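Presented below is the structure to which this report refers.
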Amino acid sequence: MSTPSDPHLRPTPQPDPHRRDPYAGFPGTVGRTFAESVPAWPRRVRPREGAPNIVVVLIDDMGYSDIGPFGAEIPTPTLDRLATTGVRLANYHTMPLCSPARAALLTGLNPHRVGYSFVANADPGFPGYGMEVAGDIPTLAELLHDAGYATYAVGKWHVTRDSASNAADNRANWPLQKGFDQYYGVLEGLTSLFHPHQLVRDNSPLDIDEFPDGYYYTDDITDQAVKMVTSLRAHDADKPFFLYLAHNAVHGPLQAKPEDLARHRGRYDGGWDELRRTRFARQLAAGHFPPGTELPERNSEAGYEVGPWDELTDVQQKLYARYMEVYAAMVDNVDQNLGRLTDTLAALGELDNTIIVFTSDNGGTGEGGAEGTRSYFSRFVHHPNLPADWNPDVRREIDLIGGPRSLVHYPRGWGMASNTPFRLYKGQTYAGGVRVPFVLSWPAGLPRAEGDTGVRTQYQYVTDILPTLLELAGVERPSERRGHPVQELDGTGFASVLRDGAAPGTHHEQYCEMTGNRSYYRDGWKLVTLHRPGTPYDDGEWALYDLRTDPTEIHDLAAEHPDLVKELSAAWEAAAWRDGVFPLADGSGALALRGPEAERLRRPVTLLAGTPELERYRSSRLIAFRSFTVEAALDGYRPGDQGVLVSHGDQGGGYSLYVEEGRLRLAYNQYGDLLEADGGPLPAGARLITLEVTAVADLRWEFRLLVDGLPVDGLPVGDTGDGAAAGAEPALLGPVHQLIGMAPFQGISVGIDRKSPVSWPLYERHRSFRYTGALHSVTYRPGEPAPYDPETVARALREAAAAFE
């Protein structure tokens, strides 16, 4: 036993903030040997005994009526079973766009406060558009992880700004840094379901050349989710988990597995008018709306209008019905995959003690236009000066629709039917954009009482999900985390509503804003606008509806209640300043602006052979709205070498430079129309192949090829796309429509055409066609932006306004 005079007695350390005492706070006893010491172990945080698992299934762009429990004819047996044991929130509201809704769901805060006024594809330089979840706003995953849950995310993220989705970013806003133990999916807002453009596992983009035949993304992310759960159970029999299963389906482009599509052939030949009537009848019978609720007329607002199905030609009806068959097949597939997950939980004996939430981020969309499209990225382009011959569609054989060779979206008439019985679409603050299906099941914790239909008609909002799930799990949201205060919630828990259909709703007041569309809800009254982009904001835009008697927003009462309009509009204004909504979008084009860091992404870049695919956004900065050159450096071409030198893009648009059978060729996929040019035989020993792309008037490019500095007088070989007319293009290629907006959607690959190919015929001949010769590198040299570059235009407008002031 040591004494004070013992030379081995541990000295008392002097306080030093830079040198922590290793024994400070240790509850055991430390002597000089194990025999003289008493061990102690830190207590691990464990959830309460019997804490439920939590699964949040978030589907993308699904309207209110698209699943069986909300009136659909689409077979959704898994969701039917969950609704039978659980509850349906018939009056649940969300944000009208992807990223803001996800930010609100994951944080419990209004999205503008979190920095998501818009999708995470913008950076105009204002607080509401920061697109980063701050450290004092803990996510649902972080809070559950702190409480001892395992946390997993699969599928669509879209809470990371596109410019921060590359492998060089600090990843501060990627899933693992926001509380998830594991992640697998796509960081951006959309992708091909047959050939995802960039899959990420945990913190690393995956380097994938080809997907196996039969690959389908919805199946894949479900496989990954099942593996995460079963792996957890193999290692820990008790630890509860939170699984965030965020589908990219049913967002465009619409793509379905052939066997799923086959089950829906002929289902929609009756058209969207008949579909709305039958779905609405089921909703009324289920008690989703009060007696006397009316089905609105077809959307008739300019730019959003839908015509009668019966006035379409037979050819149009056949084509349009096929689009909806694809959509229904995607919903069907989501339900099948949810069934595989619930079967896994049942096999583990955990289905009854798992809270399962199924909902959508926003309502069904009208972005396919009046006619729909087989060229999704062409239809998606929004530029004020599109040339008169811009084609928002391409011809495709009907049997290709829904497959990997077509990027389609349905006509907005089907979006209207998807949102039955509500008006308008995703992006608007009318009910069509913000009222979506919501099913919650937890048999062990929320058993249905006898006589309870499970339908809840109380108003609840997307920010309410986080506090509700925390309450059900027995987890308290702290006022401080890691020594710092956290931001207060905007959401209110509604566990009382889940338990008792007669309980009052818990969310009584809510503002909403999206690209200038605004609304304000207070105790059954709703003030709402449909704002025309670029027009002034004035009080004449407001319409007023009493949702207690008119949930489908048909009868505008603004003229009858001017004082209430004034009161609610003032409340909206105050909420907007309080939550960071301003500035509102206007005609300045400011949403096109990017911060100064974005200029770094436009520097010339050299990609060595073997470099993983360059991320989509980084790749686009090298070519968007500008001239550019691409230099492929060879260590001497040898006859017999062949393959792709460089590719950028996919079936939705792109270009590829390749050597086949000794000839240098250029493929240009113009939003689905494939144009090719033959540059002639490539001479032995060639060392530098240069592709010069010049931006010319009317949003067009012209292509030239040089070999070792000498121009190539290539010959066009016409259009090899399905059904598109071959044209006598000038040598080499051009002028052709530029790839802008979201195209090219796949990034730049060197020495190979990865995943979804630019040229499908070349893919059929050679698959990804890796170059067999000695390719040293590919260098991109961006030129100056063209005068019609939206960022250039926006800056010019801003400078002019400043000069005027």
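Each chain in the structure tokens gets a letter, A, B, ..., in the order shown, and its residues are numbered from 1; ligands are numbered from 1 in order too.
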
Would you list the contacts of A:Gly741 as number ranges by chain, taking every protein, DNA or RNA residue within 12 Å and counting only C-alpha atoms, but skipping same-chain residues closer than 5 positions in sequence? A: 121, 376-383, 386, 592, 616-617, 620-621, 623-625, 652-653, 671, 699, 789-790

Please run DSSP on the backbone and report, as a PyMOL selection string, all residues within stretch 563-702 of chain A that come out as alpha helix (DSSP H). chain A and resi 563-579+616-621

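If only C-alpha atoms are the atoms counted, then among A:Leu564, A:Val119, A:Leu424, A:Leu547 the closest residue to A:Gln458 is A:Leu547.
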
Which of stretch 542-782 of chain A counts as strand (DSSP E) under DSSP, as a PyMOL selection string please? chain A and resi 543-546+605-608+626-634+643-650+653-660+663-670+673-681+688-696+700-707+710-711+715-719+733-737+748-750+775-782

Which residues are close to stretch 222-234 of chain A, i.e. within 12 Å by only C-alpha atoms, leaving aside same-chain residues fewer than 6 positions away? Reply as a PyMOL selection string. chain A and resi 53-57+149-155+180-185+201-202+215-216+240-248+333-350

Let's have the selection written as a compact mmCIF listing (two decimals), in the first residue's frame, with N, CA and C atoms.
# COMPACT_ATOMS: atom_id res chain seq x y z
N ASN A 53 -37.87 -0.69 -33.82
CA ASN A 53 -37.17 -0.30 -35.04
C ASN A 53 -38.00 0.77 -35.74
N ILE A 54 -37.35 1.56 -36.59
CA ILE A 54 -38.05 2.60 -37.35
C ILE A 54 -37.61 2.51 -38.80
N VAL A 55 -38.58 2.41 -39.69
CA VAL A 55 -38.32 2.42 -41.13
C VAL A 55 -39.13 3.54 -41.75
N VAL A 56 -38.46 4.49 -42.37
CA VAL A 56 -39.14 5.56 -43.10
C VAL A 56 -38.91 5.32 -44.59
N VAL A 57 -40.00 5.03 -45.28
CA VAL A 57 -39.95 4.81 -46.73
C VAL A 57 -40.44 6.09 -47.40
N TYR A 149 -29.31 3.77 -31.37
CA TYR A 149 -29.83 3.09 -32.55
C TYR A 149 -28.72 2.87 -33.58
N ALA A 150 -28.81 1.78 -34.33
CA ALA A 150 -28.07 1.65 -35.59
C ALA A 150 -28.83 2.46 -36.63
N THR A 151 -28.11 3.13 -37.51
CA THR A 151 -28.77 4.04 -38.47
C THR A 151 -28.27 3.77 -39.88
N TYR A 152 -29.22 3.54 -40.78
CA TYR A 152 -28.90 3.18 -42.16
C TYR A 152 -29.71 4.04 -43.13
N ALA A 153 -29.09 4.39 -44.24
CA ALA A 153 -29.80 5.10 -45.31
C ALA A 153 -29.47 4.45 -46.63
N VAL A 154 -30.50 4.27 -47.45
CA VAL A 154 -30.29 3.79 -48.82
C VAL A 154 -31.15 4.63 -49.75
N GLY A 155 -30.66 4.80 -50.98
CA GLY A 155 -31.43 5.48 -52.01
C GLY A 155 -31.06 6.93 -52.20
N PHE A 180 -25.73 8.77 -40.11
CA PHE A 180 -25.96 7.40 -40.57
C PHE A 180 -24.69 6.57 -40.46
N ASP A 181 -24.85 5.33 -40.00
CA ASP A 181 -23.72 4.40 -39.92
C ASP A 181 -23.31 3.93 -41.30
N GLN A 182 -24.28 3.69 -42.16
CA GLN A 182 -24.00 3.19 -43.51
C GLN A 182 -24.93 3.87 -44.49
N TYR A 183 -24.45 3.99 -45.72
CA TYR A 183 -25.26 4.58 -46.80
C TYR A 183 -24.93 3.90 -48.11
N TYR A 184 -25.96 3.75 -48.93
CA TYR A 184 -25.78 3.24 -50.29
C TYR A 184 -26.86 3.88 -51.16
N GLY A 185 -26.43 4.56 -52.21
CA GLY A 185 -27.43 5.17 -53.08
C GLY A 185 -26.86 6.25 -53.96
N ARG A 201 -21.23 4.40 -51.85
CA ARG A 201 -21.32 3.55 -50.68
C ARG A 201 -20.60 4.26 -49.54
N ASP A 202 -21.33 4.52 -48.47
CA ASP A 202 -20.78 5.24 -47.32
C ASP A 202 -20.24 6.59 -47.76
N TYR A 215 -30.13 -5.65 -64.06
CA TYR A 215 -29.98 -4.76 -62.90
C TYR A 215 -31.14 -3.77 -62.86
N TYR A 216 -31.64 -3.50 -61.64
CA TYR A 216 -32.68 -2.49 -61.45
C TYR A 216 -32.44 -1.84 -60.09
N PRO A 240 -31.95 -1.73 -31.68
CA PRO A 240 -32.93 -1.28 -32.68
C PRO A 240 -32.23 -0.47 -33.77
N PHE A 241 -32.90 -0.37 -34.90
CA PHE A 241 -32.31 0.36 -36.03
C PHE A 241 -33.30 1.36 -36.59
N PHE A 242 -32.74 2.38 -37.22
CA PHE A 242 -33.49 3.34 -38.03
C PHE A 242 -33.03 3.16 -39.46
N LEU A 243 -33.96 2.84 -40.35
CA LEU A 243 -33.67 2.69 -41.77
C LEU A 243 -34.43 3.76 -42.54
N TYR A 244 -33.67 4.61 -43.25
CA TYR A 244 -34.23 5.64 -44.12
C TYR A 244 -34.12 5.13 -45.54
N LEU A 245 -35.25 4.66 -46.09
CA LEU A 245 -35.28 4.02 -47.41
C LEU A 245 -35.92 5.02 -48.37
N ALA A 246 -35.08 5.77 -49.06
CA ALA A 246 -35.54 6.88 -49.89
C ALA A 246 -35.43 6.50 -51.37
N HIS A 247 -36.55 6.19 -51.96
CA HIS A 247 -36.55 5.75 -53.36
C HIS A 247 -36.32 6.91 -54.33
N ASN A 248 -35.61 6.63 -55.40
CA ASN A 248 -35.61 7.56 -56.54
C ASN A 248 -36.89 7.40 -57.35
N ASN A 333 -43.49 -2.08 -58.35
CA ASN A 333 -42.18 -2.60 -57.96
C ASN A 333 -41.75 -2.10 -56.59
N VAL A 334 -42.05 -0.84 -56.28
CA VAL A 334 -41.75 -0.32 -54.94
C VAL A 334 -42.46 -1.15 -53.89
N ASP A 335 -43.73 -1.45 -54.14
CA ASP A 335 -44.49 -2.24 -53.16
C ASP A 335 -43.92 -3.65 -53.04
N GLN A 336 -43.54 -4.25 -54.15
CA GLN A 336 -42.92 -5.58 -54.09
C GLN A 336 -41.66 -5.56 -53.22
N ASN A 337 -40.85 -4.55 -53.42
CA ASN A 337 -39.61 -4.47 -52.65
C ASN A 337 -39.86 -4.17 -51.18
N LEU A 338 -40.88 -3.37 -50.90
CA LEU A 338 -41.26 -3.17 -49.51
C LEU A 338 -41.72 -4.49 -48.91
N GLY A 339 -42.39 -5.31 -49.71
CA GLY A 339 -42.79 -6.63 -49.25
C GLY A 339 -41.60 -7.51 -48.92
N ARG A 340 -40.54 -7.42 -49.69
CA ARG A 340 -39.33 -8.20 -49.38
C ARG A 340 -38.72 -7.74 -48.06
N LEU A 341 -38.75 -6.43 -47.82
CA LEU A 341 -38.21 -5.92 -46.55
C LEU A 341 -39.08 -6.36 -45.37
N THR A 342 -40.40 -6.23 -45.50
CA THR A 342 -41.27 -6.63 -44.39
C THR A 342 -41.20 -8.14 -44.17
N ASP A 343 -41.02 -8.92 -45.22
CA ASP A 343 -40.84 -10.37 -45.05
C ASP A 343 -39.58 -10.66 -44.23
N THR A 344 -38.52 -9.89 -44.49
CA THR A 344 -37.28 -10.05 -43.72
C THR A 344 -37.52 -9.74 -42.25
N LEU A 345 -38.24 -8.63 -41.99
CA LEU A 345 -38.54 -8.27 -40.60
C LEU A 345 -39.40 -9.33 -39.93
N ALA A 346 -40.34 -9.89 -40.69
CA ALA A 346 -41.18 -10.95 -40.13
C ALA A 346 -40.36 -12.19 -39.81
N ALA A 347 -39.43 -12.52 -40.71
CA ALA A 347 -38.57 -13.69 -40.47
C ALA A 347 -37.70 -13.50 -39.24
N LEU A 348 -37.35 -12.26 -38.94
CA LEU A 348 -36.56 -11.96 -37.74
C LEU A 348 -37.44 -11.84 -36.50
N GLY A 349 -38.75 -11.91 -36.70
CA GLY A 349 -39.67 -11.76 -35.58
C GLY A 349 -39.84 -10.33 -35.12
N GLU A 350 -39.59 -9.35 -36.00
CA GLU A 350 -39.56 -7.95 -35.57
C GLU A 350 -40.55 -7.05 -36.30

So which residues touch stretch 481-488 of chain A within 12 Å, counting only C-alpha atoms, skipping near sequence neighbours fewer than 6 positions away, as an MDAnalysis selection string? chainID A and resid 107:110 113:114 133:139 142:143 146 463 467 579

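Taking only C-alpha atoms into account, A:Leu584 lies nearest to A:Ser117 out of the set A:Ser418, A:Ser117, A:Thr373, A:Thr453.
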
With only C-alpha atoms as the counted atoms, please give the residues lying no more than 12 Å from A:Leu472, apart from itself and same-chain residues fewer than 5 positions off, as a ChimeraX atom specification. /A:48,50-54,144,353-356,440-442,444-446,465-467,493-496,498-499

Pairwise distance, atom CA of A:Ala328 with atom CA of A:Arg298, equals 21.0 Å

Using only C-alpha atoms, can you tell me which of A:Leu470, A:Ile748, A:Leu557, A:Leu608 comes closest to A:His648?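 Ranked by minimum distance to A:His648, first place goes to A:Ile748.
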